[in-house]
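> Just query_39.txt, nothing more (compact mmCIF, C-alpha atoms and all ligand atoms):
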# COMPACT_ATOMS: atom_id res chain seq x y z
CA MET C 1 -14.42 188.31 143.89
CA TYR C 2 -17.00 186.09 142.15
CA ASN C 3 -16.50 188.09 138.99
CA THR C 4 -12.72 187.55 139.10
CA ILE C 5 -13.15 183.78 139.29
CA LYS C 6 -15.86 183.78 136.64
CA LYS C 7 -13.79 185.97 134.36
CA LYS C 8 -10.97 183.43 134.41
CA GLU C 9 -13.36 180.54 133.82
CA LEU C 10 -14.97 182.46 130.97
CA LEU C 11 -11.64 183.09 129.23
CA ILE C 12 -10.65 179.43 129.62
CA TRP C 13 -14.01 178.38 128.16
CA TYR C 14 -13.59 180.90 125.31
CA ASN C 15 -10.11 179.68 124.38
CA LEU C 16 -11.22 176.06 124.46
CA ASN C 17 -14.21 176.77 122.22
CA ILE C 18 -12.80 179.46 119.96
CA ASN C 19 -12.39 177.13 116.98
CA LYS C 20 -15.98 175.97 117.11
CA ARG C 21 -17.21 179.21 115.57
CA TYR C 22 -14.96 180.01 112.62
CA MET C 23 -14.95 183.69 111.77
CA PRO C 24 -12.18 185.15 109.61
CA TRP C 25 -12.28 188.52 111.40
CA ARG C 26 -11.36 186.82 114.68
CA SER C 27 -7.79 186.31 113.47
CA THR C 28 -6.98 190.01 113.06
CA ASN C 29 -6.50 193.08 115.22
CA ASP C 30 -7.03 195.43 112.30
CA PRO C 31 -9.74 197.87 113.47
CA TYR C 32 -10.92 198.34 109.88
CA LYS C 33 -11.59 194.62 109.38
CA ILE C 34 -13.18 194.21 112.80
CA TRP C 35 -15.40 197.23 112.18
CA LEU C 36 -16.43 195.95 108.74
CA SER C 37 -17.35 192.56 110.23
CA GLU C 38 -19.43 194.19 112.97
CA ILE C 39 -21.34 196.25 110.41
CA MET C 40 -21.96 193.23 108.18
CA LEU C 41 -23.09 191.15 111.16
CA GLN C 42 -25.87 193.56 112.12
CA GLN C 43 -29.16 191.66 111.62
CA THR C 44 -27.26 189.03 109.62
CA GLN C 45 -26.04 185.55 110.45
CA VAL C 46 -22.34 184.69 110.64
CA LYS C 47 -22.54 182.05 107.90
CA THR C 48 -24.14 184.57 105.52
CA VAL C 49 -21.55 187.24 106.30
CA ILE C 50 -18.37 185.15 105.85
CA PRO C 51 -18.32 185.00 102.00
CA TYR C 52 -19.27 188.68 101.74
CA TYR C 53 -16.55 189.66 104.20
CA ASN C 54 -13.90 187.62 102.36
CA LYS C 55 -14.86 189.04 98.99
CA TRP C 56 -14.86 192.60 100.34
CA ILE C 57 -11.47 192.30 102.04
CA LYS C 58 -9.96 190.83 98.89
CA LYS C 59 -11.09 193.83 96.87
CA TYR C 60 -10.72 196.47 99.61
CA PRO C 61 -7.85 195.43 101.89
CA THR C 62 -7.62 198.82 103.64
CA LEU C 63 -9.94 201.54 104.85
CA GLU C 64 -8.26 203.89 102.39
CA SER C 65 -9.31 201.65 99.50
CA VAL C 66 -12.91 201.94 100.73
CA ALA C 67 -12.72 205.72 101.10
CA LYS C 68 -11.36 206.04 97.56
CA SER C 69 -13.93 203.73 96.02
CA ASN C 70 -17.22 204.85 94.56
CA ILE C 71 -20.46 203.79 96.20
CA ASP C 72 -21.66 201.83 93.15
CA ASP C 73 -18.68 199.47 93.37
CA LEU C 74 -19.13 198.99 97.12
CA LEU C 75 -22.86 198.33 96.80
CA LYS C 76 -22.13 195.80 94.08
CA ILE C 77 -20.13 193.73 96.59
CA TRP C 78 -22.78 194.27 99.27
CA GLU C 79 -25.53 193.22 96.83
CA GLY C 80 -27.72 190.52 98.41
CA LEU C 81 -26.60 191.21 101.99
CA GLY C 82 -29.48 193.66 102.51
CA TYR C 83 -29.78 196.72 104.77
CA TYR C 84 -27.86 198.75 102.22
CA SER C 85 -27.69 201.83 104.44
CA ARG C 86 -24.95 199.94 106.34
CA CYS C 87 -22.79 200.02 103.23
CA ARG C 88 -23.56 203.66 102.43
CA ASN C 89 -22.78 204.71 106.01
CA PHE C 90 -19.56 202.70 106.10
CA HIS C 91 -18.40 204.46 102.96
CA LYS C 92 -19.31 207.89 104.39
CA ALA C 93 -17.54 207.06 107.66
CA SER C 94 -14.39 205.93 105.84
CA ILE C 95 -14.24 209.26 103.97
CA LYS C 96 -14.76 211.17 107.22
CA ILE C 97 -11.89 209.31 108.87
CA PHE C 98 -9.50 210.49 106.16
CA LYS C 99 -10.92 214.00 106.29
CA ASP C 100 -11.05 214.46 110.07
CA TYR C 101 -8.72 211.87 111.62
CA ASN C 102 -5.85 211.60 109.20
CA GLY C 103 -6.90 208.10 108.16
CA LYS C 104 -6.74 206.59 111.66
CA ILE C 105 -9.87 205.03 113.12
CA PRO C 106 -10.47 206.96 116.37
CA GLU C 107 -9.78 205.16 119.63
CA ASP C 108 -12.03 207.52 121.53
CA PHE C 109 -15.51 206.08 122.14
CA ASP C 110 -17.39 209.36 121.61
CA GLN C 111 -15.50 210.25 118.44
CA PHE C 112 -15.97 206.78 117.01
CA LYS C 113 -19.66 206.68 117.91
CA LYS C 114 -20.26 209.93 116.01
CA LEU C 115 -19.30 208.31 112.70
CA PRO C 116 -22.17 207.45 110.34
CA GLY C 117 -23.71 204.05 111.11
CA VAL C 118 -21.81 203.51 114.37
CA GLY C 119 -23.91 202.86 117.46
CA GLU C 120 -22.97 202.09 121.04
CA TYR C 121 -22.66 198.36 120.42
CA THR C 122 -20.44 198.70 117.33
CA ALA C 123 -18.19 201.25 119.04
CA GLY C 124 -17.82 198.99 122.09
CA ALA C 125 -17.09 195.89 120.02
CA VAL C 126 -14.52 197.51 117.72
CA LEU C 127 -12.71 199.49 120.40
CA SER C 128 -12.54 196.60 122.86
CA ILE C 129 -11.41 194.02 120.29
CA ALA C 130 -9.06 196.17 118.21
CA TYR C 131 -7.72 198.62 120.79
CA GLY C 132 -8.23 196.74 124.06
CA LYS C 133 -10.57 199.38 125.50
CA LYS C 134 -12.59 198.27 128.51
CA ILE C 135 -15.94 199.05 126.92
CA PRO C 136 -18.94 196.69 126.95
CA ALA C 137 -20.45 195.65 123.62
CA ILE C 138 -23.96 194.61 124.52
CA ASP C 139 -25.53 192.70 121.66
CA THR C 140 -28.63 190.50 122.00
CA ASN C 141 -26.50 187.55 123.15
CA ILE C 142 -24.73 189.46 125.92
CA LEU C 143 -27.97 191.11 126.98
CA ARG C 144 -29.60 187.69 127.36
CA VAL C 145 -26.66 186.09 129.21
CA MET C 146 -26.27 188.97 131.65
CA SER C 147 -30.03 189.39 132.22
CA ARG C 148 -30.19 185.72 133.17
CA ILE C 149 -27.10 185.73 135.38
CA LEU C 150 -28.28 188.85 137.21
CA GLY C 151 -31.95 187.81 137.20
CA LEU C 152 -33.13 190.94 135.38
CA LYS C 153 -36.45 190.46 133.68
CA GLU C 154 -37.51 193.89 132.53
CA ARG C 155 -35.85 195.45 129.48
CA SER C 156 -35.40 198.82 131.13
CA LYS C 157 -32.73 201.48 131.09
CA SER C 158 -31.93 200.89 134.75
CA ASN C 159 -31.43 197.16 134.13
CA LEU C 160 -29.23 197.95 131.15
CA ASN C 161 -27.13 200.17 133.40
CA LYS C 162 -26.83 197.33 135.94
CA ILE C 163 -25.60 195.05 133.15
CA LYS C 164 -23.08 197.66 131.97
CA LYS C 165 -21.79 198.19 135.50
CA ASN C 166 -21.34 194.46 135.99
CA LEU C 167 -19.63 194.08 132.64
CA ILE C 168 -17.12 196.84 133.39
CA ASP C 169 -15.98 194.66 136.26
CA TYR C 170 -15.60 191.66 133.93
CA LEU C 171 -13.81 193.75 131.32
CA SER C 172 -10.92 194.74 133.56
CA THR C 173 -8.50 192.29 131.95
CA GLU C 174 -5.73 192.66 129.42
CA LYS C 175 -8.05 191.47 126.69
CA PRO C 176 -11.46 193.04 127.23
CA GLY C 177 -12.32 192.23 123.61
CA ASP C 178 -12.02 188.52 124.44
CA ILE C 179 -14.47 188.94 127.32
CA ASN C 180 -17.01 190.62 125.04
CA GLN C 181 -16.54 187.93 122.39
CA ALA C 182 -16.61 185.12 124.96
CA LEU C 183 -19.95 186.32 126.31
CA MET C 184 -21.32 186.64 122.77
CA ASP C 185 -20.19 183.08 122.02
CA LEU C 186 -21.60 181.78 125.29
CA GLY C 187 -24.92 183.40 124.43
CA SER C 188 -24.92 181.84 121.00
CA MET C 189 -23.65 178.36 121.94
CA ILE C 190 -24.83 177.75 125.53
CA CYS C 191 -27.19 180.39 126.89
CA LYS C 192 -29.42 180.17 123.85
CA ASN C 193 -32.73 181.91 123.51
CA LYS C 194 -34.58 178.60 123.69
CA ASP C 195 -33.44 175.48 125.57
CA PRO C 196 -30.20 176.86 127.06
CA TYR C 197 -27.60 174.25 128.05
CA CYS C 198 -27.51 175.27 131.71
CA GLN C 199 -25.90 171.99 132.74
CA ASN C 200 -22.85 172.90 130.59
CA CYS C 201 -22.66 176.53 131.66
CA ILE C 202 -19.84 177.98 133.74
CA PHE C 203 -22.26 180.51 135.25
CA GLN C 204 -24.76 178.00 136.56
CA ASP C 205 -23.68 178.38 140.20
CA ILE C 206 -24.31 182.13 140.20
CA CYS C 207 -27.14 182.38 137.67
CA LYS C 208 -30.33 183.86 139.14
CA ALA C 209 -32.51 182.76 136.22
CA TRP C 210 -31.37 179.17 136.63
CA GLU C 211 -31.88 179.40 140.39
CA VAL C 212 -35.54 180.31 139.94
CA GLY C 213 -35.92 177.56 137.33
CA ASP C 214 -36.95 179.83 134.46
CA PRO C 215 -33.95 180.72 132.25
CA GLU C 216 -36.12 181.33 129.18
CA GLY C 217 -38.20 183.85 131.10
CA PHE C 218 -35.20 186.24 131.26
CA PRO C 219 -35.20 188.85 129.87
CA ALA C 220 -38.90 189.41 129.08
CA LYS C 221 -39.70 188.85 125.42
CA ASN C 222 -39.56 191.80 123.05
CA LYS C 223 -42.83 192.97 121.60
CA LYS C 224 -43.10 191.73 118.03
CA VAL C 225 -42.53 194.45 115.47
CA ALA C 226 -45.47 194.58 113.07
CA VAL C 227 -44.59 193.71 109.48
CA LYS C 228 -45.32 196.66 107.22
CA LYS C 229 -47.18 195.89 104.01
CA ILE C 230 -46.02 197.82 100.97
CA LEU C 231 -47.36 197.73 97.43
CA MET C 232 -45.42 198.85 94.41
CA SER C 233 -45.47 198.80 90.65
CA SER C 234 -42.24 198.11 88.85
CA GLY C 235 -41.96 198.88 85.16
CA ILE C 236 -39.69 197.39 82.50
CA LEU C 237 -39.12 199.78 79.64
CA VAL C 238 -37.14 198.45 76.69
CA ASP C 239 -35.91 200.18 73.60
CA ASP C 240 -34.60 197.74 71.03
CA GLU C 241 -31.86 195.84 72.94
CA LEU C 242 -31.67 198.35 75.75
CA ILE C 243 -33.42 198.35 79.10
CA LEU C 244 -33.98 201.32 81.39
CA ILE C 245 -32.63 201.34 84.95
CA ALA C 246 -32.97 204.14 87.47
CA LYS C 247 -31.58 205.30 90.79
CA LYS C 248 -33.77 206.75 93.49
CA LYS C 249 -32.69 209.39 95.99
CA ASN C 250 -34.78 208.00 98.83
CA GLY C 251 -36.16 204.77 100.23
CA ILE C 252 -34.40 201.63 101.44
CA TYR C 253 -32.83 201.05 98.01
CA ARG C 254 -31.53 204.56 97.41
CA GLU C 255 -28.23 204.74 95.52
CA MET C 256 -28.85 201.27 94.05
CA TRP C 257 -29.94 200.67 90.50
CA GLN C 258 -33.45 199.39 90.00
CA PHE C 259 -36.21 199.28 87.43
CA PRO C 260 -38.39 202.37 87.63
CA SER C 261 -40.87 201.70 90.42
CA VAL C 262 -43.57 203.64 92.20
CA SER C 263 -45.52 202.96 95.37
CA ILE C 264 -49.22 202.21 94.98
CA THR C 265 -52.20 201.11 97.05
CA SER C 266 -54.54 198.23 96.30
CA SER C 267 -56.94 200.67 94.65
CA THR C 268 -54.47 202.70 92.55
CA LYS C 269 -55.77 202.88 88.97
CA ASP C 270 -53.50 202.57 85.91
CA ASN C 271 -53.87 206.28 85.12
CA LEU C 272 -52.47 207.25 88.48
CA ILE C 273 -49.61 204.75 88.11
CA LYS C 274 -48.76 206.35 84.75
CA LYS C 275 -48.84 209.79 86.34
CA LYS C 276 -46.46 208.62 89.07
CA PHE C 277 -44.01 207.18 86.52
CA LYS C 278 -44.02 210.53 84.76
CA GLU C 279 -43.54 212.54 87.94
CA GLU C 280 -40.80 210.34 89.40
CA PHE C 281 -38.89 209.30 86.28
CA GLY C 282 -40.13 211.50 83.45
CA ILE C 283 -41.53 208.47 81.58
CA LYS C 284 -44.56 209.39 79.47
CA ILE C 285 -46.28 206.02 79.24
CA LYS C 286 -48.24 205.13 76.13
CA SER C 287 -49.32 201.71 77.38
CA MET C 288 -48.54 199.28 80.15
CA SER C 289 -49.38 195.62 80.71
CA LEU C 290 -49.19 193.53 83.83
CA ILE C 291 -46.90 190.52 83.34
CA GLY C 292 -46.63 189.16 86.87
CA SER C 293 -46.50 189.84 90.59
CA PHE C 294 -44.78 188.48 93.69
CA ASN C 295 -44.32 189.01 97.41
CA HIS C 296 -40.87 189.99 98.60
CA LEU C 297 -40.30 189.47 102.31
CA LEU C 298 -37.81 191.50 104.32
CA SER C 299 -37.48 191.29 108.10
CA HIS C 300 -40.05 194.03 108.82
CA ARG C 301 -41.59 194.52 105.41
CA ASN C 302 -43.75 192.50 103.10
CA ILE C 303 -43.53 194.09 99.67
CA TYR C 304 -46.09 193.12 97.06
CA VAL C 305 -44.72 193.93 93.62
CA LYS C 306 -46.70 194.20 90.39
CA VAL C 307 -44.50 193.95 87.32
CA PHE C 308 -45.44 195.79 84.14
CA THR C 309 -43.92 196.18 80.72
CA LEU C 310 -44.11 199.77 79.63
CA SER C 311 -44.05 201.47 76.31
CA ALA C 312 -43.21 205.15 76.25
CA ARG C 313 -44.39 207.94 73.97
CA LYS C 314 -40.83 208.97 73.20
CA THR C 315 -37.33 207.74 73.97
CA LEU C 316 -36.12 208.85 77.34
CA ILE C 317 -32.84 210.75 77.56
CA GLU C 318 -30.22 209.37 79.96
CA SER C 319 -29.33 211.36 83.05
CA LYS C 320 -27.27 210.83 86.21
CA ASN C 321 -30.05 208.68 87.62
CA LEU C 322 -31.38 207.06 84.45
CA LYS C 323 -29.42 204.71 82.22
CA TRP C 324 -30.12 202.64 79.13
CA ILE C 325 -28.08 199.46 79.30
CA LYS C 326 -27.87 196.12 77.55
CA ALA C 327 -29.68 193.47 79.59
CA LYS C 328 -26.59 191.27 79.69
CA LYS C 329 -24.74 194.10 81.47
CA LEU C 330 -27.27 194.31 84.29
CA ASN C 331 -25.03 192.30 86.58
CA LEU C 332 -22.43 195.09 86.51
CA PHE C 333 -24.76 197.36 88.47
CA PRO C 334 -25.63 197.02 92.18
CA MET C 335 -29.24 195.87 92.20
CA PRO C 336 -31.32 194.62 95.16
CA ASN C 337 -32.69 191.06 94.97
CA LEU C 338 -36.21 192.40 94.62
CA TYR C 339 -35.36 193.85 91.20
CA LYS C 340 -33.59 190.69 90.13
CA ARG C 341 -36.92 188.96 90.66
CA VAL C 342 -38.62 191.66 88.59
CA PHE C 343 -36.16 190.95 85.79
CA GLU C 344 -36.73 187.19 86.07
CA ILE C 345 -40.45 187.75 85.57
CA PHE C 346 -39.70 189.89 82.53
CA GLN C 347 -37.38 187.24 81.06
CA ASN C 348 -39.94 184.47 81.61
CA TYR C 349 -42.57 186.64 79.98
CA LYS C 350 -40.30 187.38 77.01
CA ASN C 351 -39.32 183.73 76.56
CA GLY C 352 -42.93 182.62 76.83
CA SER C 353 -44.17 185.17 74.33
CA LYS C 354 -41.63 184.25 71.63
S1 LIG B 1 -27.02 178.89 133.73
FE1 LIG B 1 -28.36 178.75 132.00
S2 LIG B 1 -29.53 180.62 131.99
FE2 LIG B 1 -27.80 180.92 133.35
S3 LIG B 1 -26.26 181.88 132.08
FE3 LIG B 1 -25.88 179.70 132.02
S4 LIG B 1 -27.01 178.93 130.24
FE4 LIG B 1 -27.75 180.98 130.72
Please rewrite the model in this file as structure tokens.

Amino acid sequence: MYNTIKKKELLIWYNLNINKRYMPWRSTNDPYKIWLSEIMLQQTQVKTVIPYYNKWIKKYPTLESVAKSNIDDLLKIWEGLGYYSRCRNFHKASIKIFKDYNGKIPEDFDQFKKLPGVGEYTAGAVLSIAYGKKIPAIDTNILRVMSRILGLKERSKSNLNKIKKNLIDYLSTEKPGDINQALMDLGSMICKNKDPYCQNCIFQDICKAWEVGDPEGFPAKNKKVAVKKILMSSGILVDDELILIAKKKNGIYREMWQFPSVSITSSTKDNLIKKKFKEEFGIKIKSMSLIGSFNHLLSHRNIYVKVFTLSARKTLIESKNLKWIKAKKLNLFPMPNLYKRVFEIFQNYKNGSK
């Protein structure tokens, strides 16, 4: 009964506030576009995603255009958005949909969730918004709102199940996607992590966290994930006007072009670095000199990069994963921001040493 009243109030609130958070994917029912937006939004803010989403949709208006594209072109558009495995998985999933589902994004939760890069949240969000399925999409906003309303402190499986059960009740409307989105918006605009606007909240009269006077105490804070420190050496090898770029098969930047780089420790000697360059890229280094270093921060990683210029004993032959290119053509290749900084250091060094 309470839920029925609250559901109506929530939808009224949502429709009144819908224009306050502009998101281009909110004006479509196309499952492909909604899915793309959900993937881009993982760990990334709305305002960052919007230009990437618009650029992507302009170039790839359909899922078929994604499936037919090559990964280099897709990564080039994704460049700078980070978490590149999202892009690689989206590409793999698009190919699978044409192979296994005749090009139609599955409406079945279990089938959709089996696609590369699709988790429970993404499946719930896409299927509820695009296909009107009554499936919860519990992101951090909804988790916070529901934990507070229900007074659930512990982040446990049984509490998550209580939230899901409660949400199923809320979702029994004609537009379950609107309920999911309304709760996400409420979490982002009203029931914020810090200083929630309880006095403006439609749930205040039933909210357990408000009743006990401690909204921010629900749910209990997540343990902080330790930032991993990584050290690497990145080498710039030039031959006349050409510069060497490489692709790695593993690591967070796999499939993207980068300058040959190897992981090191604080005590790795130059001889070992040279050996690693030979083993990983086949570069027989004659000499190397340090031209700069910087820290590159990612959400859970702090990467310390030492930048070297390299000179090789003999010219390296191109292969599938090694290319000699003109420096001015670098921007045609998908390259993570970290390596753009490496190149900046190289350019500054070159300009300074002229
Ligand atoms: S009353 Fe406060 S704590 Fe409860 S749901 Fe609303 S904003 Fe969140």
> Using all atoms listed in the file, I'd like a table of the residues in chain C that come within 6 Å of ligand LIG 1 (chain B); for each, show the closest atom pair and its distance in Å rounded to one decimal, ordered by chain and ascending number, as CSV.

residue,atom,partner,partner_atom,distance
C:Val145,CA,B:LIG1,S3,5.1
C:Arg148,CA,B:LIG1,S2,5.3
C:Ile149,CA,B:LIG1,S3,5.1
C:Ile190,CA,B:LIG1,S4,5.3
C:Cys191,CA,B:LIG1,S4,3.7
C:Pro196,CA,B:LIG1,S4,5.0
C:Tyr197,CA,B:LIG1,S4,5.2
C:Cys198,CA,B:LIG1,FE1,3.6
C:Cys201,CA,B:LIG1,FE3,4.5
C:Phe203,CA,B:LIG1,FE3,4.9
C:Gln204,CA,B:LIG1,S1,3.7
C:Cys207,CA,B:LIG1,FE2,4.6
C:Ala209,CA,B:LIG1,S2,5.6
C:Trp210,CA,B:LIG1,FE2,5.2
C:Pro215,CA,B:LIG1,S2,4.4
> One decimal, Å: what's the distance from atom CA of Ser299 of chain C over to atom CA of Asn331 of chain C, could you say?
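Separation between atom CA of Ser299 of chain C and atom CA of Asn331 of chain C: 24.9 Å.
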> Rounded to one decimal, what separation in Å do you get between atom CA of Ile5 of chain C and atom CA of Asp185 of chain C?
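Distance between the two atoms: 18.7 Å.
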> Can you tell me, as a list in words, what residues are no more than 10 Å from segment 6-15 of chain C when counting all atoms listed in the file, ignoring any on the same chain fewer than 2 positions away?
Met1, Tyr2, Asn3, Thr4, Asn17, Ile18, Asn19, Lys20, Asp169, Tyr170, Leu171, Ser172, Thr173, Lys175, Asp178, Ile179, Gln181, Ala182, Leu183, Met184, Asp185, Leu186, Cys201, Ile202, Phe203 and Ile206 of chain C
> At what distance in Å, to one decimal, does atom CA of Trp56 of chain C lie from atom CA of Gly132 of chain C?
25.0 Å
> Which residue out of C:Lys153, C:Lys320, C:Lys99, C:His91 has the minimum interatomic distance to Val212 of chain C when all atoms listed in the file are used?
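Of the candidates, the smallest distance to Val212 of chain C is held by C:Lys153.
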> Which neighbours of Phe346 of chain C fall inside 8 Å, counting all atoms listed in the file, when residues of the same chain fewer than 5 positions from it are skipped, and could you give them as number ranges by chain?
C: 236, 291, 307, 309
> Mind dumping a table of every segment 8-94 of chain C residue within 7 Å of segment 333-344 of chain C, with the nearest atom pair and its distance in Å to one decimal, using all atoms listed in the file, sorted by chain and rising number, as a tab-separated table?

residue	atom	partner	partner_atom	distance
C:Asp72	CA	C:Pro334	CA	6.3
C:Leu75	CA	C:Pro334	CA	5.5
C:Lys76	CA	C:Pro334	CA	4.2
C:Glu79	CA	C:Pro334	CA	6.0
C:Gly80	CA	C:Asn337	CA	6.1
> I want to know what sits within 9 Å of Glu64 of chain C, based on only C-alpha atoms, with residues of the same chain fewer than 2 positions away left out; could you give that as a PyMOL selection string?
chain C and resi 60-62+66-69+94-95+98+103
> Between C:Val225, C:Ala220, C:Val126, C:Leu237, which residue has the minimum interatomic distance to Lys314 of chain C, considering only C-alpha atoms?
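The closest residue to Lys314 of chain C is C:Leu237.
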> If we count only C-alpha atoms and set the cut-off at 9 Å, which residues sit around segment 113-125 of chain C, ignoring sequence neighbours fewer than 2 positions away in its own chain? Please answer as a PDB file with C-alpha atoms, in the frame of the given file.

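Below is the file that was written, out_29.pdb:
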ATOM      1  CA  ILE C  34     -13.180 194.210 112.800  1.00  0.00           C
ATOM      2  CA  TRP C  35     -15.400 197.230 112.180  1.00  0.00           C
ATOM      3  CA  GLU C  38     -19.430 194.190 112.970  1.00  0.00           C
ATOM      4  CA  ILE C  39     -21.340 196.250 110.410  1.00  0.00           C
ATOM      5  CA  SER C  85     -27.690 201.830 104.440  1.00  0.00           C
ATOM      6  CA  ARG C  86     -24.950 199.940 106.340  1.00  0.00           C
ATOM      7  CA  CYS C  87     -22.790 200.020 103.230  1.00  0.00           C
ATOM      8  CA  ARG C  88     -23.560 203.660 102.430  1.00  0.00           C
ATOM      9  CA  ASN C  89     -22.780 204.710 106.010  1.00  0.00           C
ATOM     10  CA  PHE C  90     -19.560 202.700 106.100  1.00  0.00           C
ATOM     11  CA  HIS C  91     -18.400 204.460 102.960  1.00  0.00           C
ATOM     12  CA  LYS C  92     -19.310 207.890 104.390  1.00  0.00           C
ATOM     13  CA  ALA C  93     -17.540 207.060 107.660  1.00  0.00           C
ATOM     14  CA  SER C  94     -14.390 205.930 105.840  1.00  0.00           C
ATOM     15  CA  LYS C  96     -14.760 211.170 107.220  1.00  0.00           C
ATOM     16  CA  ILE C  97     -11.890 209.310 108.870  1.00  0.00           C
ATOM     17  CA  ASP C 108     -12.030 207.520 121.530  1.00  0.00           C
ATOM     18  CA  PHE C 109     -15.510 206.080 122.140  1.00  0.00           C
ATOM     19  CA  ASP C 110     -17.390 209.360 121.610  1.00  0.00           C
ATOM     20  CA  GLN C 111     -15.500 210.250 118.440  1.00  0.00           C
ATOM     21  CA  LEU C 127     -12.710 199.490 120.400  1.00  0.00           C
ATOM     22  CA  SER C 128     -12.540 196.600 122.860  1.00  0.00           C
ATOM     23  CA  ILE C 129     -11.410 194.020 120.290  1.00  0.00           C
ATOM     24  CA  ALA C 130      -9.060 196.170 118.210  1.00  0.00           C
ATOM     25  CA  LYS C 133     -10.570 199.380 125.500  1.00  0.00           C
ATOM     26  CA  LYS C 134     -12.590 198.270 128.510  1.00  0.00           C
ATOM     27  CA  ILE C 135     -15.940 199.050 126.920  1.00  0.00           C
ATOM     28  CA  PRO C 136     -18.940 196.690 126.950  1.00  0.00           C
ATOM     29  CA  ALA C 137     -20.450 195.650 123.620  1.00  0.00           C
ATOM     30  CA  ILE C 138     -23.960 194.610 124.520  1.00  0.00           C
ATOM     31  CA  ASP C 139     -25.530 192.700 121.660  1.00  0.00           C
ATOM     32  CA  GLY C 177     -12.320 192.230 123.610  1.00  0.00           C
ATOM     33  CA  ASN C 180     -17.010 190.620 125.040  1.00  0.00           C
ATOM     34  CA  GLN C 181     -16.540 187.930 122.390  1.00  0.00           C
TER      35      GLN C 181
END
> My list of candidates is C:Leu272, C:Ile264, C:Ile325, C:Leu298. Which is closest to Lys228 of chain C when distances are computed with only C-alpha atoms?
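Residue with the minimum atom-to-atom distance to Lys228 of chain C: C:Leu298.
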> Determine the nearest neighbour of Asn54 of chain C from the options C:Lys247, C:Lys33, C:Arg254, C:Lys224, counting only C-alpha atoms.
C:Lys33
> Within 8 Å of Thr265 of chain C, counting all atoms listed in the file, which residues qualify if same-chain residues fewer than 3 places away don't, as a list in words?
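Once the nearby chain positions are removed, what remains is Leu231, Met232 and Thr268 of chain C.
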> Nearest to Lys229 of chain C: which of C:Lys164, C:Lys278, C:Arg301, C:Lys249 is it, counting only C-alpha atoms?
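Smallest distance to Lys229 of chain C is found for C:Arg301.
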